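Shown here: start-v1.txt, compact mmCIF, C-alpha atoms and all ligand atoms.
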```
# COMPACT_ATOMS: atom_id res chain seq x y z
CA MET A 1 152.22 -203.95 -19.06
CA PRO A 2 153.41 -204.98 -15.61
CA CYS A 3 157.14 -205.63 -15.32
CA PHE A 4 156.43 -209.17 -14.16
CA TYR A 5 154.24 -210.04 -17.13
CA LEU A 6 154.70 -213.64 -18.24
CA ILE A 7 153.48 -215.77 -21.09
CA MET A 8 153.97 -219.42 -20.38
CA ASN A 9 153.88 -222.38 -22.66
CA ILE A 10 153.39 -225.59 -20.74
CA SER A 11 152.92 -228.98 -22.33
CA GLY A 12 151.97 -227.32 -25.62
CA MET A 13 149.28 -225.16 -24.04
CA THR A 14 149.68 -221.41 -23.98
CA LYS A 15 148.70 -219.88 -20.68
CA GLN A 16 148.62 -216.21 -20.00
CA TYR A 17 148.68 -214.53 -16.66
CA ASP A 18 150.80 -211.97 -14.96
CA ILE A 19 151.35 -213.36 -11.54
CA LEU A 20 150.58 -216.30 -9.27
CA VAL A 21 149.25 -215.84 -5.76
CA LYS A 22 148.89 -218.62 -3.20
CA LEU A 23 146.09 -218.45 -0.66
CA MET A 24 145.06 -220.90 2.05
CA ILE A 25 141.77 -221.43 3.92
CA LEU A 26 141.88 -222.36 7.60
CA GLY A 27 139.21 -223.03 10.21
CA ASP A 28 137.48 -225.77 12.19
CA SER A 29 136.03 -228.82 10.50
CA GLY A 30 132.57 -228.16 9.08
CA VAL A 31 132.70 -224.33 8.95
CA GLY A 32 132.36 -224.52 5.17
CA LYS A 33 135.89 -224.07 3.80
CA THR A 34 135.44 -226.51 0.93
CA CYS A 35 131.99 -225.12 0.09
CA LEU A 36 133.34 -221.56 -0.03
CA LEU A 37 136.14 -222.62 -2.33
CA ARG A 38 133.88 -224.61 -4.64
CA ARG A 39 131.37 -221.77 -4.77
CA PHE A 40 134.13 -219.33 -5.69
CA THR A 41 135.99 -221.46 -8.24
CA GLU A 42 133.21 -223.60 -9.72
CA LYS A 43 130.04 -221.67 -8.84
CA GLU A 44 128.73 -224.86 -7.25
CA TYR A 45 127.33 -225.73 -3.84
CA HIS A 46 127.07 -229.22 -2.39
CA PRO A 47 124.88 -229.52 0.72
CA TYR A 48 126.89 -232.31 2.29
CA HIS A 49 129.97 -232.43 4.44
CA ILE A 50 132.82 -234.33 2.88
CA SER A 51 135.72 -233.82 5.28
CA THR A 52 138.91 -232.81 3.55
CA ILE A 53 141.83 -235.11 4.28
CA GLY A 54 145.10 -233.21 4.43
CA VAL A 55 145.00 -230.52 1.76
CA ASP A 56 143.40 -229.93 -1.62
CA PHE A 57 143.61 -226.97 -3.98
CA LYS A 58 141.77 -225.16 -6.75
CA MET A 59 142.75 -222.41 -9.17
CA LYS A 60 141.00 -219.33 -10.50
CA THR A 61 142.19 -216.37 -12.57
CA LEU A 62 141.17 -212.89 -11.41
CA ASP A 63 141.52 -209.56 -13.14
CA ILE A 64 142.77 -207.15 -10.51
CA ASP A 65 143.26 -203.60 -11.76
CA GLY A 66 144.23 -204.90 -15.20
CA ILE A 67 146.60 -207.56 -13.86
CA LYS A 68 145.72 -211.19 -14.58
CA VAL A 69 146.27 -212.97 -11.30
CA ARG A 70 146.24 -216.75 -11.14
CA VAL A 71 145.08 -217.57 -7.64
CA GLN A 72 145.95 -220.97 -6.23
CA ILE A 73 143.80 -221.64 -3.18
CA TRP A 74 144.65 -224.40 -0.74
CA ASP A 75 141.76 -225.97 1.16
CA THR A 76 142.86 -227.55 4.42
CA ALA A 77 141.37 -230.19 6.70
CA GLY A 78 139.85 -228.66 9.81
CA GLN A 79 140.15 -231.89 11.76
CA GLU A 80 142.76 -231.90 14.51
CA ARG A 81 144.41 -235.11 13.30
CA TYR A 82 145.55 -233.47 10.05
CA GLN A 83 147.08 -230.36 11.66
CA SER A 84 150.67 -231.57 11.41
CA ILE A 85 150.20 -232.09 7.66
CA THR A 86 148.44 -228.79 6.98
CA LYS A 87 150.96 -226.76 9.01
CA GLN A 88 153.65 -227.80 6.54
CA TYR A 89 151.82 -225.80 3.86
CA TYR A 90 151.53 -222.55 5.84
CA ARG A 91 154.95 -221.26 4.90
CA ARG A 92 154.13 -221.50 1.18
CA ALA A 93 151.06 -219.29 1.47
CA GLN A 94 150.96 -215.55 0.87
CA GLY A 95 147.44 -215.02 2.17
CA ILE A 96 145.20 -216.83 4.66
CA ILE A 97 141.42 -216.82 5.01
CA LEU A 98 140.43 -217.64 8.60
CA VAL A 99 136.89 -219.06 8.61
CA TYR A 100 134.39 -219.69 11.39
CA ASP A 101 130.73 -220.71 11.28
CA ILE A 102 128.31 -218.09 12.68
CA THR A 103 126.13 -220.93 14.05
CA ASN A 104 129.05 -222.56 15.87
CA GLU A 105 130.51 -220.52 18.74
CA PRO A 106 133.51 -222.82 19.42
CA SER A 107 134.59 -222.37 15.79
CA PHE A 108 134.65 -218.60 16.45
CA HIS A 109 136.75 -218.96 19.64
CA HIS A 110 139.14 -221.30 17.83
CA ILE A 111 140.00 -218.51 15.40
CA MET A 112 142.49 -217.28 18.01
CA SER A 113 144.16 -220.67 17.98
CA TRP A 114 144.25 -220.74 14.15
CA ALA A 115 145.70 -217.21 14.11
CA GLY A 116 148.35 -218.32 16.62
CA ASP A 117 149.29 -221.25 14.38
CA VAL A 118 149.63 -218.88 11.45
CA ASP A 119 151.90 -216.58 13.48
CA GLU A 120 154.08 -219.55 14.40
CA ASN A 121 154.27 -221.27 11.03
CA ALA A 122 153.59 -218.81 8.22
CA PRO A 123 155.95 -216.22 6.70
CA ASP A 124 156.07 -212.81 8.44
CA HIS A 125 154.60 -210.94 5.47
CA ILE A 126 151.51 -213.19 5.24
CA GLN A 127 148.18 -211.39 4.71
CA ARG A 128 145.05 -212.53 6.56
CA ILE A 129 141.31 -211.87 6.54
CA LEU A 130 138.45 -213.14 8.69
CA VAL A 131 135.26 -214.76 7.37
CA GLY A 132 132.10 -215.73 9.26
CA ASN A 133 130.36 -218.30 7.03
CA LYS A 134 126.74 -219.61 6.90
CA SER A 135 125.18 -216.14 7.13
CA ASP A 136 122.01 -217.63 5.60
CA MET A 137 121.35 -219.47 8.88
CA GLU A 138 120.17 -216.42 10.81
CA ALA A 139 117.82 -218.43 13.02
CA ARG A 140 120.73 -220.50 14.33
CA ARG A 141 123.21 -217.64 14.64
CA CYS A 142 125.39 -217.81 17.81
CA VAL A 143 128.04 -215.26 16.82
CA SER A 144 126.80 -211.74 16.13
CA GLU A 145 128.22 -209.78 13.23
CA GLU A 146 129.44 -207.25 15.81
CA LYS A 147 131.54 -209.92 17.57
CA GLY A 148 133.04 -210.90 14.25
CA LYS A 149 133.94 -207.28 13.49
CA GLU A 150 135.48 -206.87 16.96
CA LEU A 151 137.70 -209.92 16.54
CA ALA A 152 138.74 -208.76 13.08
CA ALA A 153 139.56 -205.30 14.47
CA PHE A 154 141.60 -206.90 17.28
CA TYR A 155 143.82 -208.57 14.68
CA GLY A 156 143.62 -205.66 12.24
CA LEU A 157 141.88 -207.77 9.61
CA ASP A 158 139.18 -207.16 7.01
CA PHE A 159 135.98 -209.04 7.83
CA PHE A 160 133.22 -210.59 5.70
CA GLU A 161 130.15 -212.61 6.50
CA THR A 162 129.50 -215.10 3.71
CA SER A 163 127.14 -217.82 2.62
CA ALA A 164 128.36 -220.54 0.31
CA CYS A 165 124.73 -221.67 0.26
CA THR A 166 123.18 -218.43 -1.06
CA ASN A 167 126.35 -217.10 -2.75
CA GLN A 168 126.49 -214.05 -0.47
CA ASN A 169 129.85 -212.24 -0.42
CA ILE A 170 131.72 -215.14 -2.02
CA SER A 171 134.12 -213.40 -4.39
CA GLU A 172 134.74 -210.44 -2.03
CA PRO A 173 137.04 -212.11 0.53
CA PHE A 174 139.09 -213.93 -2.11
CA THR A 175 139.48 -210.79 -4.21
CA ARG A 176 140.26 -208.59 -1.21
CA LEU A 177 142.90 -211.00 0.09
CA THR A 178 144.48 -211.26 -3.35
CA LYS A 179 144.68 -207.46 -3.51
CA LEU A 180 146.28 -207.35 -0.07
CA VAL A 181 148.90 -209.88 -1.17
CA LEU A 182 149.65 -207.89 -4.31
CA GLN A 183 149.98 -204.68 -2.30
CA ALA A 184 152.24 -206.35 0.26
CA HIS A 185 154.43 -207.75 -2.49
CA SER A 186 154.47 -204.73 -4.77
CA ARG A 187 158.00 -203.93 -3.61
CA HIS A 188 159.04 -207.59 -3.60
CA VAL A 189 158.15 -208.82 -7.06
CA ASP A 190 160.96 -211.36 -6.96
CA ARG A 191 159.40 -213.00 -3.97
CA VAL A 192 156.13 -213.27 -5.85
CA LEU A 193 157.81 -214.77 -8.88
CA GLU A 194 159.58 -217.37 -6.76
CA PRO A 195 156.43 -219.41 -6.13
CA LEU A 196 155.57 -219.02 -9.80
CA ASP A 197 158.82 -220.74 -10.72
CA ARG A 198 158.01 -223.55 -8.34
CA PHE A 199 154.52 -223.69 -9.80
CA LEU A 200 155.90 -224.14 -13.30
CA ASP A 201 157.63 -227.28 -12.08
CA GLY A 202 154.30 -228.64 -10.97
CA ALA A 203 152.26 -227.32 -13.87
CA SER A 204 151.17 -230.77 -14.97
CA LEU A 205 149.45 -231.18 -11.61
CA GLU A 206 147.31 -228.16 -12.32
CA GLU A 207 146.33 -229.46 -15.75
CA LYS A 208 145.09 -232.69 -14.20
CA GLY A 209 143.20 -230.80 -11.53
CA PRO A 210 143.41 -231.37 -7.82
CA GLN A 211 143.43 -234.91 -6.58
CA ALA A 212 140.69 -234.23 -4.09
CA ILE A 213 140.68 -236.55 -1.14
CA HIS A 214 137.54 -236.32 0.93
CA GLU A 215 135.67 -238.55 3.28
CA ASN A 216 131.90 -238.23 3.48
CA THR A 217 130.85 -237.82 7.09
CA GLN A 218 127.46 -236.17 7.28
CA ASP A 219 124.78 -234.17 5.55
CA THR A 220 124.14 -231.01 7.53
CA CYS A 221 123.05 -228.28 5.15
CA SER A 222 119.69 -226.79 6.02
CA CYS A 223 119.30 -224.18 3.32
N1 LIG B 301 123.59 -223.33 5.51
C1 LIG B 301 124.85 -223.36 5.10
N2 LIG B 301 125.55 -224.50 5.14
C2 LIG B 301 126.83 -224.47 4.69
C3 LIG B 301 127.46 -223.30 4.20
N3 LIG B 301 128.73 -223.62 3.85
C4 LIG B 301 128.88 -224.90 4.12
N4 LIG B 301 127.75 -225.44 4.62
C5 LIG B 301 127.54 -226.81 5.05
O1 LIG B 301 128.45 -227.12 6.11
C6 LIG B 301 128.92 -228.45 5.99
C7 LIG B 301 130.45 -228.46 6.00
O2 LIG B 301 130.94 -227.83 4.84
P1 LIG B 301 132.42 -228.11 4.29
O3 LIG B 301 132.71 -227.09 3.26
O4 LIG B 301 132.56 -229.52 3.88
O5 LIG B 301 133.27 -227.85 5.62
P2 LIG B 301 134.87 -227.79 5.79
O6 LIG B 301 135.16 -226.60 6.62
O7 LIG B 301 135.54 -227.86 4.47
O8 LIG B 301 135.13 -229.10 6.64
P3 LIG B 301 136.48 -229.99 6.78
O9 LIG B 301 136.89 -230.42 5.41
O10 LIG B 301 136.08 -231.15 7.65
O11 LIG B 301 137.52 -229.14 7.44
C8 LIG B 301 128.30 -229.03 4.72
O12 LIG B 301 127.17 -229.80 5.07
C9 LIG B 301 127.88 -227.80 3.94
O13 LIG B 301 126.82 -228.05 3.09
C10 LIG B 301 126.68 -222.10 4.16
O14 LIG B 301 127.11 -221.03 3.75
N5 LIG B 301 125.38 -222.18 4.62
```
For this file, produce the structure as structure tokens.
Amino acid sequence: MPCFYLIMNISGMTKQYDILVKLMILGDSGVGKTCLLRRFTEKEYHPYHISTIGVDFKMKTLDIDGIKVRVQIWDTAGQERYQSITKQYYRRAQGIILVYDITNEPSFHHIMSWAGDVDENAPDHIQRILVGNKSDMEARRCVSEEKGKELAAFYGLDFFETSACTNQNISEPFTRLTKLVLQAHSRHVDRVLEPLDRFLDGASLEEKGPQAIHENTQDTCSC
């Protein structure tokens, strides 16, 4: 049994997991952050773009090498006007998924800007990975897989091409990032437990589920 094993009883409900990990998804508006998160946590895909306003989050429990890990994943707005809000959440994250759209070259170039924001605002020990989403749209591809791998290598990151539409490679990036966070924190268990304590304070929020705030802007899925 891990030394940080916890059994929690919140509002009369018994919950069991060993550790809480906080991840965040960043990238330009429309790259598919919300779709990736919904596919991973709810196994659902919605072919419309409902722009996230500010931040939203979802939870999922993973079994990683026998450890029950409760993963809290923050979905951020890609739109410029919400950047000051979303940056306030960076410092609470332990892992960040940087996402671009393989059919949208500017979203790939902006990864450098997102990575710079993370360097400025997130904790030093933050773990990151790179994801190129919409791999099902091969005919409209603008960013080769090779370019994605090169950028990932430049930053020393793991890289995945995904499709929220076809379910390709969906659990891999989330699981890999969670493992990286656990490895990075293996000598700093107290630091990992600290967000868990804060989470307990807000446990009722989790029970209600995220108060998703989205604005419907367009319908762009072609799969
Ligand atoms: N073909 C295809 N379309 C996708 C994929 N993932 C997302 N989309 C579409 O891309 C559009 C934007 O997806 P969202 O998940 O809302 O994008 P977002 O990055 O969360 O956008 P913001 O909330 O504005 O930052 C939607 O129309 C999705 O259906 C994918 O893997 N393949």
Within 7 Å of ligand LIG 301 (chain B), which residues of chain A come that close, and what is the closest atom pair and distance in Å for each? Count all atoms listed in the file and give it as a tab-separated table.
```
residue	atom	partner	partner_atom	distance
A:Gly27	CA	B:LIG301	O6	6.5
A:Asp28	CA	B:LIG301	O11	5.8
A:Ser29	CA	B:LIG301	O11	3.4
A:Gly30	CA	B:LIG301	O5	3.5
A:Val31	CA	B:LIG301	O6	4.1
A:Gly32	CA	B:LIG301	O3	3.2
A:Lys33	CA	B:LIG301	O6	3.9
A:Thr34	CA	B:LIG301	O3	3.6
A:Cys35	CA	B:LIG301	O3	3.8
A:Leu36	CA	B:LIG301	N3	6.4
A:His46	CA	B:LIG301	O13	5.6
A:Pro47	CA	B:LIG301	O13	3.4
A:Tyr48	CA	B:LIG301	O12	3.8
A:His49	CA	B:LIG301	C8	3.8
A:Ile50	CA	B:LIG301	O4	4.9
A:Ser51	CA	B:LIG301	O10	3.6
A:Thr52	CA	B:LIG301	O9	3.6
A:Ile53	CA	B:LIG301	O9	6.9
A:Thr76	CA	B:LIG301	O11	6.3
A:Ala77	CA	B:LIG301	O11	4.1
A:Gly78	CA	B:LIG301	O11	3.4
A:Gln79	CA	B:LIG301	O11	5.8
A:Asn133	CA	B:LIG301	O14	5.4
A:Lys134	CA	B:LIG301	O14	3.5
A:Ser135	CA	B:LIG301	O14	6.2
A:Asp136	CA	B:LIG301	N5	5.7
A:Met137	CA	B:LIG301	N1	5.6
A:Thr162	CA	B:LIG301	O14	6.4
A:Ser163	CA	B:LIG301	O14	3.4
A:Ala164	CA	B:LIG301	O14	3.7
A:Cys165	CA	B:LIG301	O14	4.3
A:Thr166	CA	B:LIG301	O14	6.7
A:Gln218	CA	B:LIG301	O12	6.7
A:Asp219	CA	B:LIG301	O12	5.0
A:Thr220	CA	B:LIG301	O12	4.1
A:Cys221	CA	B:LIG301	O13	4.3
A:Ser222	CA	B:LIG301	N1	5.2
A:Cys223	CA	B:LIG301	N1	4.9
```
Once you have the residues from the selection above, write them out as a short mmCIF file (atom, residue, chain, number, x, y, z; two decimals), keeping the file's coordinate frame, restricted to C-alpha atoms.
```cif
data_model
loop_
_atom_site.label_atom_id
_atom_site.label_comp_id
_atom_site.auth_asym_id
_atom_site.auth_seq_id
_atom_site.Cartn_x
_atom_site.Cartn_y
_atom_site.Cartn_z
CA GLY A 27 139.21 -223.03 10.21
CA ASP A 28 137.48 -225.77 12.19
CA SER A 29 136.03 -228.82 10.50
CA GLY A 30 132.57 -228.16 9.08
CA VAL A 31 132.70 -224.33 8.95
CA GLY A 32 132.36 -224.52 5.17
CA LYS A 33 135.89 -224.07 3.80
CA THR A 34 135.44 -226.51 0.93
CA CYS A 35 131.99 -225.12 0.09
CA LEU A 36 133.34 -221.56 -0.03
CA HIS A 46 127.07 -229.22 -2.39
CA PRO A 47 124.88 -229.52 0.72
CA TYR A 48 126.89 -232.31 2.29
CA HIS A 49 129.97 -232.43 4.44
CA ILE A 50 132.82 -234.33 2.88
CA SER A 51 135.72 -233.82 5.28
CA THR A 52 138.91 -232.81 3.55
CA ILE A 53 141.83 -235.11 4.28
CA THR A 76 142.86 -227.55 4.42
CA ALA A 77 141.37 -230.19 6.70
CA GLY A 78 139.85 -228.66 9.81
CA GLN A 79 140.15 -231.89 11.76
CA ASN A 133 130.36 -218.30 7.03
CA LYS A 134 126.74 -219.61 6.90
CA SER A 135 125.18 -216.14 7.13
CA ASP A 136 122.01 -217.63 5.60
CA MET A 137 121.35 -219.47 8.88
CA THR A 162 129.50 -215.10 3.71
CA SER A 163 127.14 -217.82 2.62
CA ALA A 164 128.36 -220.54 0.31
CA CYS A 165 124.73 -221.67 0.26
CA THR A 166 123.18 -218.43 -1.06
CA GLN A 218 127.46 -236.17 7.28
CA ASP A 219 124.78 -234.17 5.55
CA THR A 220 124.14 -231.01 7.53
CA CYS A 221 123.05 -228.28 5.15
CA SER A 222 119.69 -226.79 6.02
CA CYS A 223 119.30 -224.18 3.32
#
```
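Between atom CA of A:Leu23 and atom CA of A:Ile97 the interatomic distance comes to 7.5 Å.
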Near A:Val118, counting all atoms listed in the file, which residues have an atom at most 10 Å away, once you skip same-chain residues fewer than 5 positions from it, shown as a PyMOL selection string? chain A and resi 26+87+90-91+96+98+112-113+123-124+126+128
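Distances here use all atoms listed in the file; by that measure, the residue among A:Phe159, A:Ile85, A:Ser144, A:Gln16 closest to A:Val99 is A:Phe159.
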Among the residues A:Asp63, A:Glu44, A:Glu161, A:Asp18, the one that comes closest to A:Ile129 [using all atoms listed in the file]: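 Checking each of A:Asp63, A:Glu44, A:Glu161, A:Asp18 against A:Ile129, counting all atoms listed in the file, the winner is A:Glu161.
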Leaving out A:Gln94 and any residue of its chain fewer than 6 positions from it, which residues lie within 10 Å of it when counting only C-alpha atoms, given as a PyMOL selection string? chain A and resi 21-24+122-128+177-178+180-182+184-185+192+195
Give the answer as one residue: which of A:Ala152, A:Arg140, A:Leu37, A:His110 has the shortest atom-to-atom distance to A:Trp74, using all atoms listed in the file?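 Residue with the minimum atom-to-atom distance to A:Trp74: A:Leu37.
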